[in-house]
Amino acid sequence: MAVNVGTIDRILRAALGAVLLYLAFFSGLSLFAAPLFKYGAAVIGVVMLATSTLKMCPIYAILGLKTCKDC
């Protein structure tokens, strides 16, 4: 598992993941009352947090992209 996610990318992914999880479960917005949006946002949020924590994005690996300077 090679590192391919840089620091700024990790921070943005973690923030977006946390926001999506908050919106899905705690916001009370009517959009997230629908199960498709609620659980879809939750899954995407968990994936964003996981890629941020692991410093590895499978899509970046497939496309050959890297956002870190020293990897």
# chains A, B, ... in the order shown; residues from 1 in each chain; ligands from 1
$ residues_around --residues "segment 48-58 of chain A" --least-positions-apart "5" --cutoff "6 Å" --atoms "only C-alpha atoms" --output "ChimeraX atom specification"
/A:3-5,10,13-14,17
$ select_by_dssp --residues "chain A" --states "alpha helix (DSSP H)" --output "PyMOL selection string"
chain A and resi 7-25+35-54+58-63
$ atom_distance --atom1 "atom CA of Ala61 of chain A" --atom2 "atom CA of Gly6 of chain A"
13.2 Å
$ atom_distance --atom1 "atom CA of Gly64 of chain A" --atom2 "atom CA of Leu21 of chain A"
28.7 Å
$ residues_around --residues "Ala34 of chain A" --least-positions-apart "6" --cutoff "12 Å" --atoms "only C-alpha atoms" --output "list of chain:residue names"
A:Ala24, A:Phe25, A:Gly28, A:Gly40, A:Ala41
$ write_last_selection --atoms "C-alpha atoms" --output "CSV table (one decimal), in the first residue's frame"
chain,number,residue,atom,x,y,z
A,24,ALA,CA,-26.3,12.7,7.2
A,25,PHE,CA,-27.0,12.0,10.9
A,28,GLY,CA,-32.0,17.5,10.4
A,40,GLY,CA,-25.1,7.7,0.5
A,41,ALA,CA,-23.6,10.7,2.3
$ atom_distance --atom1 "atom CA of Asp9 of chain A" --atom2 "atom CA of Lys66 of chain A"
10.1 Å
$ residues_around --residues "Lys38 of chain A" --least-positions-apart "3" --cutoff "12 Å" --atoms "only C-alpha atoms" --output "PyMOL selection string"
chain A and resi 20-35+41-45
$ write_last_selection --atoms "C-alpha atoms" --output "compact mmCIF listing (two decimals), in the first residue's frame"
# COMPACT_ATOMS: atom_id res chain seq x y z
CA LEU A 20 -20.90 14.63 5.24
CA LEU A 21 -21.32 12.44 8.32
CA TYR A 22 -22.67 15.38 10.29
CA LEU A 23 -25.12 16.29 7.54
CA ALA A 24 -26.28 12.70 7.19
CA PHE A 25 -27.01 12.04 10.85
CA PHE A 26 -27.28 15.28 12.82
CA SER A 27 -28.28 18.17 10.55
CA GLY A 28 -32.02 17.53 10.35
CA LEU A 29 -32.15 18.84 6.78
CA SER A 30 -35.08 17.48 4.83
CA LEU A 31 -32.78 16.40 1.98
CA PHE A 32 -31.12 13.86 4.27
CA ALA A 33 -34.45 12.44 5.44
CA ALA A 34 -34.45 10.28 2.31
CA PRO A 35 -32.50 7.05 2.94
CA ALA A 41 -23.57 10.72 2.29
CA ALA A 42 -22.58 8.49 5.22
CA VAL A 43 -20.78 5.99 2.97
CA ILE A 44 -18.95 8.73 1.08
CA GLY A 45 -18.02 10.40 4.38
